[in-house]
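Notes for the one structure printed next.
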Amino acid sequence: MIKFKNFIGISSMLIMFFAPGKLKGQNTLITHDAGNVMNGEAPSLAQDNKKVYLAFASGDSIFFSYSGKKEEKFSAPIFVGLLKGLVNVGGRGPKILSNKDQLLIAAPDTSGNFSSWLQTKPGKSWERGARINDVKNIAKEGFLSLASNNNGHFFAVWLDLRNGKKNNIYGARSVDAGKSWRKNQLIYRSPGGSVCECCKPSVVMKDQLVAIMFRNNLKGNRDLYLIQSKDGGKTFGTAQKLGEESWALNGCPMDGGGLMIENNDAIQTVWQRKGNVYSCEQGKKELFVAKGRQGVIAGMNGIYYIAFVNKGKLYLRGARNEIVELGGVTGYPEMLAIDASTILCTWENEHSIQHVFLHN
């Protein structure tokens with residue numbers, strides 16, 4: 001059963017930030033939900049024209065909550081379903097997508113499958129949906145990323161073992177808002193046999209553009225690559241390396257990074273190399289962000305924000321390069337751009353779901 005604990009604090013605060021190496025500060029308003037903090041793990045975010053949605057795990061149970069875009073206060077959690085062996089650590093856990101008035105939640109289990117649940121109308125009970133992977137027990141790492149173009153087309157991407165029991169990038173399309181999934185497709189197979197074995201791939205979608213970022217494993221180098229489709233995920237082009245250097249590493253850093261698509265279809269990425277977080281627009285020079293890992297990115301209209309983890313703390317770099325500490329973190333952050341000046345960030349800290357709305 002889901003539990004709550006009291007959140008003690010003020011409902012909002014105005015904080016002065018100082019960019020590293022600069023004397024000039026910037027003002028950013030951070031609004032906290034001053035109600036109850038939800039106990040749980042692995043939060044995920046989605047939105048439609050009216051609401052923002054939050055999905056998370058509590059043991060083997062999946063819950064969701066919602067907020068009006070102007071309310072900035074989430075509802076009490078609503079039970080979605082039970083998944084035996086639900087995996088909810090290290091960037092795994094339930095993922096939520098919206099399509100107009102419909103919602104989908106998908107989640108991994110320890111057997112290597114991705115189950116789904118659907119809410120076809122607001123307020124309607126959640127129904128068990130289709131399994132996304134069409135070969136059973138094939139996604140043992142449990143990493144799943146989802147994207148929507150808000151026109152009924154969803155795309156799922158994950159690490160898959162069906163080729164020689166080596167992890168490579170597979171995906172699946174849905175053209176009916178998650179009611180069914182097309183035949184799974186191999187998106188990228190590493191010439192070295194396997195991509196990085198336990199770094200989560202990321203996917204974003206805008207109209208017919210689908211962009212996937214993943215960490216490769218080529219000749220011992222664990223670098224980030226970007227691969228794109230311009231026909232809604234039917235076919236993909238050639239994977240392109242991101243960053244100006246390579247990271248020779250005998251092991252997996254468990255850090256896949258994040259990406260977003262700008263209004264002009266430019267793709268912005270954020271990722272870690274050797275303990276440093278970088279951002280990079282495809283085809284342009286990498287930019288150093290800060291020391292850290294587990295970066296995520298969100299924004300619009302040429303303004304974007306980056307959240308990252310460093311030494312057990314979550315930080316946010318704002319649109320003017322100001323950096324602020326958001327609090328302790330024991331899970332992976334998620335971030336969503338609500339409008340050009342409002343960002344929602346959520347994360348897990350010691351089995352507690354935290355979130356803040358940020359206004360610039």
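Naming works like this for the structure tokens: A, B, ... for the chains as they're shown, residue 1 at the start of each chain, ligands 1 onward in shown order.
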
Exercise: region 193-197 of chain A partners within 7 Å, only C-alpha atoms, chain neighbours under 6 positions left out, as a JSON list (two decimals) with C-alpha atoms, in the first residue's frame:
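Writing the result to selection06.json gives the following:
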[["chain", "number", "residue", "atom", "x", "y", "z"],
["A", 166, "LYS", "CA", 24.33, -9.67, -26.92],
["A", 167, "ASN", "CA", 22.63, -6.37, -26.10],
["A", 168, "ASN", "CA", 21.72, -4.26, -29.11],
["A", 215, "ARG", "CA", 26.05, 4.38, -25.50],
["A", 216, "ASN", "CA", 28.06, 2.16, -27.83],
["A", 217, "ASN", "CA", 30.95, -0.21, -27.17],
["A", 222, "ARG", "CA", 32.03, 3.78, -24.46],
["A", 252, "CYS", "CA", 29.75, 0.08, -18.14]]

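Near Met300 (chain A), within 12 Å and counting only C-alpha atoms, sit A:Met260, A:Ile261, A:Glu262, A:Asn263, A:Asn264, A:Asp265, A:Ala266, A:Ile267, A:Gln268, A:Tyr304, A:Tyr305, A:Ala319, A:Leu336, A:Ala337, A:Ile338, A:Asp339, A:Ala340, A:Ser341, A:Thr342, A:Ile343, not including residues fewer than 4 positions from it in the same chain.
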
Output C-alpha atoms of each residue in that selection to a file, as a compact mmCIF listing (two decimals), in the first residue's frame.
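Wrote it out as result09.txt, contents follow:
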# COMPACT_ATOMS: atom_id res chain seq x y z
CA MET A 260 15.27 16.68 -26.83
CA ILE A 261 14.05 17.97 -30.20
CA GLU A 262 13.86 21.73 -30.72
CA ASN A 263 11.01 23.45 -32.59
CA ASN A 264 13.28 23.64 -35.67
CA ASP A 265 14.01 19.87 -35.39
CA ALA A 266 17.53 20.44 -34.05
CA ILE A 267 18.45 17.71 -31.56
CA GLN A 268 20.01 18.73 -28.25
CA TYR A 304 16.76 24.53 -22.35
CA TYR A 305 17.67 23.28 -18.91
CA ALA A 319 18.84 28.83 -19.28
CA LEU A 336 9.69 17.99 -18.63
CA ALA A 337 9.25 21.36 -20.34
CA ILE A 338 5.70 22.58 -19.63
CA ASP A 339 6.15 25.84 -21.53
CA ALA A 340 9.01 28.11 -22.56
CA SER A 341 9.53 29.38 -19.01
CA THR A 342 8.38 26.44 -16.82
CA ILE A 343 10.24 23.18 -16.22

> Hey, which of A:Pro122, A:Gly90, A:Pro77, A:Gly292 ends up closest to Asn276 (chain A)? Count only C-alpha atoms.
Replying inline: A:Gly292

Name all residues at most 7 Å from Phe114 (chain A) (count only C-alpha atoms; drop same-chain ones fewer than 6 positions away) and give them as a compact mmCIF listing (two decimals) with all heavy atoms, in the first residue's frame.
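Generated file (out_36.txt):
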# COMPACT_ATOMS: atom_id res chain seq x y z
N ALA A 106 4.15 1.73 -19.32
CA ALA A 106 4.84 0.47 -19.59
C ALA A 106 5.94 0.28 -18.56
O ALA A 106 6.53 1.26 -18.08
CB ALA A 106 5.43 0.47 -21.00
N ALA A 107 6.20 -0.98 -18.20
CA ALA A 107 7.16 -1.24 -17.14
C ALA A 107 7.86 -2.58 -17.38
O ALA A 107 7.28 -3.51 -17.94
CB ALA A 107 6.47 -1.25 -15.78
N PRO A 108 9.13 -2.70 -16.91
CA PRO A 108 9.90 -3.94 -17.08
C PRO A 108 9.75 -4.88 -15.89
O PRO A 108 9.50 -4.45 -14.76
CB PRO A 108 11.34 -3.42 -17.17
CG PRO A 108 11.33 -2.23 -16.26
CD PRO A 108 9.96 -1.61 -16.37
N ARG A 131 1.93 -6.63 -24.50
CA ARG A 131 3.36 -6.68 -24.23
C ARG A 131 4.09 -6.05 -25.40
O ARG A 131 3.77 -6.30 -26.56
CB ARG A 131 3.80 -8.13 -24.04
CG ARG A 131 5.22 -8.28 -23.49
CD ARG A 131 5.66 -9.73 -23.40
NE ARG A 131 5.88 -10.28 -24.75
CZ ARG A 131 5.49 -11.49 -25.12
NH1 ARG A 131 4.82 -12.27 -24.28
NH2 ARG A 131 5.75 -11.92 -26.34
N ILE A 132 5.09 -5.21 -25.11
CA ILE A 132 5.77 -4.47 -26.17
C ILE A 132 6.77 -5.36 -26.92
O ILE A 132 6.85 -5.32 -28.15
CB ILE A 132 6.47 -3.22 -25.59
CG1 ILE A 132 5.41 -2.27 -25.01
CG2 ILE A 132 7.30 -2.52 -26.66
CD1 ILE A 132 5.98 -1.05 -24.33
N ASN A 133 7.57 -6.14 -26.20
CA ASN A 133 8.55 -7.02 -26.87
C ASN A 133 7.85 -8.26 -27.41
O ASN A 133 7.10 -8.94 -26.70
CB ASN A 133 9.67 -7.41 -25.91
CG ASN A 133 9.17 -7.98 -24.59
OD1 ASN A 133 8.47 -7.30 -23.85
ND2 ASN A 133 9.54 -9.23 -24.31

Residues within 9 Å of Leu326 (chain A), only C-alpha atoms, excluding chain neighbours under 6 positions, as a PDB file with N, CA and C atoms, in the first residue's frame:
ATOM      1  N   LYS A 313      23.916  14.564  -4.931  1.00  0.00           N
ATOM      2  CA  LYS A 313      23.074  15.756  -4.987  1.00  0.00           C
ATOM      3  C   LYS A 313      22.604  15.980  -6.417  1.00  0.00           C
ATOM      4  N   LEU A 314      21.397  16.517  -6.547  1.00  0.00           N
ATOM      5  CA  LEU A 314      20.850  16.843  -7.854  1.00  0.00           C
ATOM      6  C   LEU A 314      20.999  18.334  -8.102  1.00  0.00           C
ATOM      7  N   TYR A 315      21.510  18.675  -9.291  1.00  0.00           N
ATOM      8  CA  TYR A 315      21.726  20.071  -9.654  1.00  0.00           C
ATOM      9  C   TYR A 315      20.981  20.387 -10.940  1.00  0.00           C
ATOM     10  N   LEU A 316      20.661  21.653 -11.102  1.00  0.00           N
ATOM     11  CA  LEU A 316      20.025  22.120 -12.334  1.00  0.00           C
ATOM     12  C   LEU A 316      20.816  23.288 -12.894  1.00  0.00           C
ATOM     13  N   VAL A 356       9.940  19.557  -8.282  1.00  0.00           N
ATOM     14  CA  VAL A 356       9.872  21.014  -8.213  1.00  0.00           C
ATOM     15  C   VAL A 356       9.470  21.557  -9.580  1.00  0.00           C
TER      16      VAL A 356
END

>> Given only C-alpha atoms as the basis, pick out the residue of A:Gln282, A:Asn137, A:Ser98, A:Ser65 nearest to Ser111 (chain A).
In response: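 Answer, going by the shortest atom-to-atom distance: A:Asn137.
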
>> Considering only strand (DSSP E) as DSSP defines it on the backbone, what residues of region 106-237 of chain A qualify? List them as an MDAnalysis selection string.
In response: chainID A and resid 106:108 114:119 127:128 144:148 154:163 166:174 185:188 202:206 209:215 224:229

>> Just want the 8 Å neighbourhood of region 56-61 of chain A, counted on only C-alpha atoms, with same-chain residues fewer than 6 positions away dropped. Output as a list in words.
In response: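 After dropping sequence-adjacent residues, the list is Ile2, Asn39, Gly40, Glu41, Ala42, Pro43, Ser44, Phe79, Val80, Gly81, Leu82, Leu83, Lys84, Gly85, Leu86, Asn88, Gly93, Pro94 and Lys95 of chain A.
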
Can those selected residues be exported to a file as an mmCIF file, in the first residue's frame so that it contains N, CA, C and O atoms?
data_model
loop_
_atom_site.group_PDB
_atom_site.id
_atom_site.type_symbol
_atom_site.label_atom_id
_atom_site.label_comp_id
_atom_site.auth_asym_id
_atom_site.auth_seq_id
_atom_site.Cartn_x
_atom_site.Cartn_y
_atom_site.Cartn_z
ATOM 1 N N ILE A 2 0.462 2.227 -0.767
ATOM 2 C CA ILE A 2 1.241 3.454 -0.834
ATOM 3 C C ILE A 2 1.077 4.242 0.458
ATOM 4 O O ILE A 2 0.006 4.262 1.053
ATOM 5 N N ASN A 39 5.716 8.411 -1.212
ATOM 6 C CA ASN A 39 6.735 7.376 -1.089
ATOM 7 C C ASN A 39 6.706 6.503 -2.331
ATOM 8 O O ASN A 39 5.645 6.060 -2.771
ATOM 9 N N GLY A 40 7.874 6.230 -2.909
ATOM 10 C CA GLY A 40 7.927 5.412 -4.106
ATOM 11 C C GLY A 40 9.282 5.502 -4.766
ATOM 12 O O GLY A 40 10.226 6.090 -4.229
ATOM 13 N N GLU A 41 9.370 4.903 -5.947
ATOM 14 C CA GLU A 41 10.623 4.860 -6.694
ATOM 15 C C GLU A 41 10.362 5.141 -8.172
ATOM 16 O O GLU A 41 9.264 4.961 -8.669
ATOM 17 N N ALA A 42 11.423 5.545 -8.852
ATOM 18 C CA ALA A 42 11.478 5.605 -10.321
ATOM 19 C C ALA A 42 10.354 6.425 -10.941
ATOM 20 O O ALA A 42 9.542 5.914 -11.712
ATOM 21 N N PRO A 43 10.280 7.727 -10.671
ATOM 22 C CA PRO A 43 9.226 8.542 -11.271
ATOM 23 C C PRO A 43 9.444 8.790 -12.760
ATOM 24 O O PRO A 43 10.577 8.807 -13.246
ATOM 25 N N SER A 44 8.343 9.002 -13.477
ATOM 26 C CA SER A 44 8.360 9.293 -14.908
ATOM 27 C C SER A 44 7.300 10.337 -15.188
ATOM 28 O O SER A 44 6.265 10.383 -14.505
ATOM 29 N N PHE A 79 -3.871 3.865 -8.045
ATOM 30 C CA PHE A 79 -3.296 2.565 -8.357
ATOM 31 C C PHE A 79 -3.564 2.206 -9.818
ATOM 32 O O PHE A 79 -4.690 2.333 -10.299
ATOM 33 N N VAL A 80 -2.519 1.755 -10.520
ATOM 34 C CA VAL A 80 -2.628 1.362 -11.929
ATOM 35 C C VAL A 80 -2.663 -0.158 -12.065
ATOM 36 O O VAL A 80 -3.545 -0.725 -12.693
ATOM 37 N N GLY A 81 -1.670 -0.835 -11.495
ATOM 38 C CA GLY A 81 -1.603 -2.274 -11.633
ATOM 39 C C GLY A 81 -0.449 -2.856 -10.860
ATOM 40 O O GLY A 81 0.408 -2.134 -10.329
ATOM 41 N N LEU A 82 -0.429 -4.170 -10.813
ATOM 42 C CA LEU A 82 0.614 -4.909 -10.112
ATOM 43 C C LEU A 82 1.418 -5.711 -11.131
ATOM 44 O O LEU A 82 0.846 -6.370 -11.994
ATOM 45 N N LEU A 83 2.734 -5.625 -11.037
ATOM 46 C CA LEU A 83 3.616 -6.369 -11.934
ATOM 47 C C LEU A 83 4.621 -7.132 -11.090
ATOM 48 O O LEU A 83 5.507 -6.541 -10.462
ATOM 49 N N LYS A 84 4.488 -8.444 -11.069
ATOM 50 C CA LYS A 84 5.402 -9.266 -10.292
ATOM 51 C C LYS A 84 6.824 -9.136 -10.845
ATOM 52 O O LYS A 84 7.047 -9.262 -12.036
ATOM 53 N N GLY A 85 7.760 -8.837 -9.955
ATOM 54 C CA GLY A 85 9.150 -8.662 -10.383
ATOM 55 C C GLY A 85 9.411 -7.335 -11.056
ATOM 56 O O GLY A 85 10.377 -7.210 -11.828
ATOM 57 N N LEU A 86 8.599 -6.327 -10.767
ATOM 58 C CA LEU A 86 8.806 -4.994 -11.352
ATOM 59 C C LEU A 86 10.206 -4.490 -11.014
ATOM 60 O O LEU A 86 10.641 -4.513 -9.871
ATOM 61 N N ASN A 88 12.703 -1.391 -10.772
ATOM 62 C CA ASN A 88 12.510 0.060 -10.612
ATOM 63 C C ASN A 88 13.753 0.773 -10.094
ATOM 64 O O ASN A 88 13.652 1.786 -9.413
ATOM 65 N N GLY A 93 11.943 1.152 -14.323
ATOM 66 C CA GLY A 93 10.685 1.496 -13.686
ATOM 67 C C GLY A 93 9.607 1.852 -14.684
ATOM 68 O O GLY A 93 9.819 1.816 -15.899
ATOM 69 N N PRO A 94 8.403 2.190 -14.210
ATOM 70 C CA PRO A 94 7.288 2.507 -15.114
ATOM 71 C C PRO A 94 7.526 3.791 -15.885
ATOM 72 O O PRO A 94 8.016 4.782 -15.339
ATOM 73 N N LYS A 95 7.172 3.775 -17.178
ATOM 74 C CA LYS A 95 7.284 4.945 -18.043
ATOM 75 C C LYS A 95 5.889 5.308 -18.546
ATOM 76 O O LYS A 95 5.122 4.435 -18.938
#

>> Could you tell me how far CA of Lys274 (chain A) sits from CA of Gly327 (chain A), in Å to one decimal place?
In response: 23.3 Å

>> Report as a ChimeraX atom specification all protein, DNA and RNA residues lying within 8 Å of Leu97 (chain A), evaluated on only C-alpha atoms, omitting residues in the same chain fewer than 3 positions from it.
In response: /A:45-47,103-105,146-148

> Using only C-alpha atoms, which residue out of A:Arg189, A:Lys234, A:Arg92, A:Lys124 lies closest to Phe155 (chain A)?
Replying inline: A:Lys234

> Which of these residues is nearest to Cys345 (chain A), using only C-alpha atoms: A:Val52, A:Ala290, A:His153, A:Glu71?
Replying inline: A:Val52

> Distance CA of Gly233 (chain A)-CA of Arg273 (chain A), one decimal place?
Replying inline: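 These two atoms are separated by 28.2 Å.
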